[in-house]
Each structure stands twice: as C-alpha cells, then as structure tokens.
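Notes to accompany the following structure.
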Amino acid sequence: MLRRPSLSCREFQHHHVEYVDGLLSGEVRRACDLHLAGCASCAARDVQIRRALLTLQVLPEISPSAHFRARLNVRLAAEASRRALTFPGAFHDSRRPDARWWIVASALAASAALLALAPGRPAAVSPAGSAPVVAQATVAPSPAPPAALKGPVSGARAGSSRAAPRFEALPGTVPLGRAPLPPPLSGVRLQTVTYLGQ
Amino acid sequence: MRQSAVKLQPRSPSRRAELQALDDNQLVTSFLNGTTNAFDILVDRYQSRLLNFVYRTVGDRERAEDLVQEVFIRVYRHLARFDQGKKFSTWIYTIASNLAKNELRNRARNPLVYFQTMTSTWEDEDRPLEFEDSTARPDDAFERRHLRELVEAGVRRLPAHHRQVFVLRELEGRSYEEIAEMTNCNLGTVKSRLNRARAAFAEIVRPAM
Ligand SMILES: [Zn+2]
C-alpha cells in the first residue's frame, strides 16, 4: 500500500543536506524516509548524490613540499624581527633580556638554514625578499623601515598583480589594546646563538 | 645570551611530547607565555590540513603553499589578540578561507594569470600517481586515475562560493556551524550552498558512476 509522502519534493530537498549527513531529528528524518519511499525522482537524486560523495575518497591527501617548513621559518623569523623593530623593547622583559638579539639570531639561522638546505624554489615563486631583507634590516635599521618589513613578506609570485597582504583586523581577534605581543619565534638554533656570541 | 637561548627553546623530546599533549588553545596560551616551540606544534598540526583545504579550494598546489604560509604568518602576528573563548581551529580555517576567497577574487580579475597557473598545475599532476596500488591491474589504475581526474575537475568546476563550503564539509569534515563562522555566512546559506554544490558535483561525476 502506497502512503502519500508527508513532505513535498521541495521540502525534502530543503532537508536533504542534513538527511544525507544523518543530522535530522527523528520526526523530520522519518518524514524524509517516507518521502523517499514514495518519490522515485527524489530517491534517484538521493542515490546519485550519495554515490558522488563517495567518489571523493579517491582524492589523494597532499603534503607540504620539502622546503615548506624552512621557508615558513624564514618568514616567521622575519616577522619576529619586524616586530622587534616596529615595537622596540617589546621583547625586553625580565624573562628575555636579550630577546631582540635572539630574534636576529633566529632570523639569520632560518635564512642560513634555508640557503644551505634548500636548492631553492624558482625565483618567481619565492616569498618576496625574505632572508636578505631580514639581514639587511637588522644590521642597519633605518628610521623608516624597509618596505618589506612594513608589511608581511608576501608569498605572491613576482610579476603577478596580486596585492601584498595588509595588516587588517582578523575575525576572531580581540580588539587592539594592550594585548601582549607574541614571543619571538621558535626555530632558533643553539649554534647560531653560539655564533653570535663569538 | 647562550643560557637564555637554551631556556627559551627547550628542545628535549619529553618537552615536545608534553606540548603535543596540549590542545590548541593551551598551545596558544603556552606560546604567549613564552614557550616558543608551542607555535611549531600548531604548525605541525595544521600545515597539511590547511594545505589540502586551500589546494582543493584554489586548485593550484604551489599557490596553496604560499597561502598556507601566509595563514601562519597572520596567525603568528595576531595570536595575542585571538579570542581564546573561541576554537582555534575555526579561527585558523577562517583565515585560510578568507585568503583562499581573496585569491579566487583576484583570479577572477586576472583570468590570464589563473589560466597559466591552472595549466601548469595540470602538467604537474600528469606524473604517475603515488597513491595508486602498484600491484593493481593496469586498467584498474587507469580507471582510478580517470575517476580521480573527474572528481578533481568536479570540485574545481563548482562556483567558488559553493566550492569553499563543499570542501570544508566534504573534505575537511567541518560542521555547518563552523563553516558558517569560517565563511561569514548564516547557517541557511551554508546548507543551501552545500545542497547546490552536492547536486552540481553529482552531475559532473555522473558519467564515471
Ligand atoms: Zn520528491
């Protein structure tokens, strides 16, 4: 005996996302079951979508490239160093009396690590002026910081028209005030500190 | 100086294991309190996930890496102002999502750059597939590869705002509520985009089923 579906096709489709994901409450779910049992068109669509979603399993997971982390460390060190220049004394608290030099060390270490370890990505896709700029700026900071240190080191390809990212407020952050600055970056290597100490 | 650097940067395996046991928000607190390695753990935790998400959204692997780097830079820069009452994962995906969205918007203004990028990605993807079972029969491998290409194309062909929601849900397993927050949409919009994206995707991959 065929029972009349309690939902229209439109209503069923409205609930379909949650129906497929198993997120509907008992009553609505039963109404959807009922609709499917009596509507060949929605049943076919339901099967088609479920089967299509299964095919997503063939997509391989990709991993970061070999130099991803080294590049990131260089950029983070540059960021730490930029902060030290922009907010002098920001890291000069009782726990980190020489943290500014430490940041410089970390920047140089990361730069050196990248230069030594990585054959390098093509210049066209390297983050714009990362390591050399850091070294330059820390050795001879000018009253007006170099442009590359005012903004983040952009990952945009050279020659592309993509605008360099700006320091805008991010969603999910608390308003600017006396929020503490992040500490300088990890990734510093002891040997670099030793090098500076020599 | 040396002494202080050693204190700042505890590198012992046991310390690292301690950090790895912390949840994201505890790592944030720990980092802000001066445990610099805590940021490394956050990067470890999110680099692959974000890369896959951004790659599936923008369709260009190299550019996805650049964008994920930018995500971590922004996280580092703004971490002190992160509202710790919220979930760190939602926050970092929101940043990634915004950057991916900007990337797609810039491409729409610059179709030539986009085209060149995409074709170079396709060439790169023509290499033999590492994930395939080498013991499988050649036709299996062929079919699997064909299916993979179709599925990848299916995701790429979705309109950008549908694709973002689709990837967050189907590949990243994010909840509707999280997606709403990440994409700055209301729940109804998320469900409706997901509904349309699923239907469009199913239509695209139908020949392979
Ligand atoms: Zn129906």
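In the structure tokens, chains take letters A, B, ... by order of appearance, with residues numbered from 1 within each chain and ligands from 1 in the order shown.
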- Query: Using only C-alpha atoms and all ligand atoms, what are the residues with an atom within 9 Å of ligand 1, set out as a ChimeraX atom specification?
  - Reply: /A:5,7-13,35-36,38-43
- Surrounding residues of segment 61-69 of chain B excluding itself and chain neighbours under 4 positions, 7 Å, only C-alpha atoms, as a PyMOL selection string: (chain A and resi 72+155) or (chain B and resi 50-51+54-55+73+96+99)
- If you count only C-alpha atoms, which residues fall within 10 Å of Lys101 of chain B, apart from same-chain ones fewer than 6 positions away, as a VMD selection string? chain B and resid 54 57 to 58 95 107 160 to 161 164 183
Could those selected residues go to a file with N, CA, C and O atoms, as a PDB file, in the first residue's frame?
```pdb
ATOM      1  N   VAL B  54      43.120  24.459   1.262  1.00  0.00           N
ATOM      2  CA  VAL B  54      43.360  25.586   0.353  1.00  0.00           C
ATOM      3  C   VAL B  54      43.585  25.064  -1.071  1.00  0.00           C
ATOM      4  O   VAL B  54      43.081  25.644  -2.038  1.00  0.00           O
ATOM      5  N   THR B  57      40.453  24.279  -2.663  1.00  0.00           N
ATOM      6  CA  THR B  57      39.658  25.482  -2.925  1.00  0.00           C
ATOM      7  C   THR B  57      40.213  26.283  -4.100  1.00  0.00           C
ATOM      8  O   THR B  57      39.463  26.729  -4.955  1.00  0.00           O
ATOM      9  N   VAL B  58      41.540  26.451  -4.139  1.00  0.00           N
ATOM     10  CA  VAL B  58      42.102  27.295  -5.208  1.00  0.00           C
ATOM     11  C   VAL B  58      42.597  26.477  -6.394  1.00  0.00           C
ATOM     12  O   VAL B  58      42.818  27.026  -7.469  1.00  0.00           O
ATOM     13  N   ILE B  95      40.837  32.226   8.642  1.00  0.00           N
ATOM     14  CA  ILE B  95      41.907  32.993   7.983  1.00  0.00           C
ATOM     15  C   ILE B  95      42.232  32.354   6.632  1.00  0.00           C
ATOM     16  O   ILE B  95      42.333  33.038   5.605  1.00  0.00           O
ATOM     17  N   ARG B 107      41.808  36.227  -8.983  1.00  0.00           N
ATOM     18  CA  ARG B 107      41.896  35.490 -10.237  1.00  0.00           C
ATOM     19  C   ARG B 107      40.783  35.888 -11.188  1.00  0.00           C
ATOM     20  O   ARG B 107      40.990  35.966 -12.388  1.00  0.00           O
ATOM     21  N   ALA B 160      32.940  29.260  -6.996  1.00  0.00           N
ATOM     22  CA  ALA B 160      33.868  29.447  -5.875  1.00  0.00           C
ATOM     23  C   ALA B 160      33.196  29.394  -4.500  1.00  0.00           C
ATOM     24  O   ALA B 160      33.672  28.712  -3.595  1.00  0.00           O
ATOM     25  N   HIS B 161      32.082  30.104  -4.344  1.00  0.00           N
ATOM     26  CA  HIS B 161      31.478  30.149  -3.005  1.00  0.00           C
ATOM     27  C   HIS B 161      30.824  28.821  -2.638  1.00  0.00           C
ATOM     28  O   HIS B 161      30.689  28.493  -1.471  1.00  0.00           O
ATOM     29  N   GLN B 164      33.938  26.339  -1.745  1.00  0.00           N
ATOM     30  CA  GLN B 164      34.532  26.536  -0.427  1.00  0.00           C
ATOM     31  C   GLN B 164      33.736  25.783   0.650  1.00  0.00           C
ATOM     32  O   GLN B 164      34.300  25.063   1.476  1.00  0.00           O
ATOM     33  N   THR B 183      33.085  31.103   6.883  1.00  0.00           N
ATOM     34  CA  THR B 183      32.800  31.781   5.614  1.00  0.00           C
ATOM     35  C   THR B 183      31.957  33.036   5.811  1.00  0.00           C
ATOM     36  O   THR B 183      31.569  33.674   4.835  1.00  0.00           O
TER      37      THR B 183
END
```
Kindly assemble as a tab-separated table a list of the chain B residues that lie within 6 Å of chain A, each paired with its nearest atom pair and their distance in Å to one decimal, using only C-alpha atoms, sorted first by chain and then by ascending residue number.
```
residue	atom	partner	partner_atom	distance
B:Leu32	CA	A:Pro182	CA	5.4
B:Gly34	CA	A:Pro183	CA	5.5
B:Thr36	CA	A:Ser186	CA	4.6
B:Asn37	CA	A:Ser186	CA	5.2
B:Ser48	CA	A:Ser63	CA	5.6
B:Asp66	CA	A:Gly155	CA	5.1
B:Gln69	CA	A:Leu72	CA	6.0
B:Ala80	CA	A:Pro180	CA	5.6
B:Arg81	CA	A:Thr173	CA	4.9
B:Phe82	CA	A:Thr173	CA	4.2
B:Asp83	CA	A:Thr173	CA	5.2
B:Arg148	CA	A:Val58	CA	5.7
B:Asn195	CA	A:Val17	CA	5.7
B:Ala202	CA	A:Ala52	CA	4.9
```
- Task: Would you please work out which residue, of B:Val155, B:Ala17, B:Ile41, B:Ala180, is nearest to Arg198 of chain B when using only C-alpha atoms?
- Result: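 Result for the nearest residue to Arg198 of chain B: B:Val155.
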- Nearest to Arg196 of chain B: which of B:Tyr176, B:Phe166, B:Phe142, B:Tyr46 is it, counting only C-alpha atoms?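 Checking each of B:Tyr176, B:Phe166, B:Phe142, B:Tyr46 against Arg196 of chain B, counting only C-alpha atoms, the winner is B:Phe166.
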- Message: Let's see if you can do this: from backbone DSSP, list all alpha helix (DSSP H) residues in segment 21-79 of chain B, as a VMD selection string.
- Response: chain B and resid 24 to 32 37 to 58 61 to 78
- For Cys185 of chain B, which of B:Thr94, B:Val167, B:Asn102, B:Glu152 is the closest residue, counting only C-alpha atoms?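 Among the listed residues, the smallest separation from Cys185 of chain B belongs to B:Thr94.
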- How many Å lie between atom CA of Arg174 of chain B and atom CA of Val190 of chain B, rounded to one decimal?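 Taking atom CA of Arg174 of chain B as the start and atom CA of Val190 of chain B as the end point, the length is 11.5 Å.
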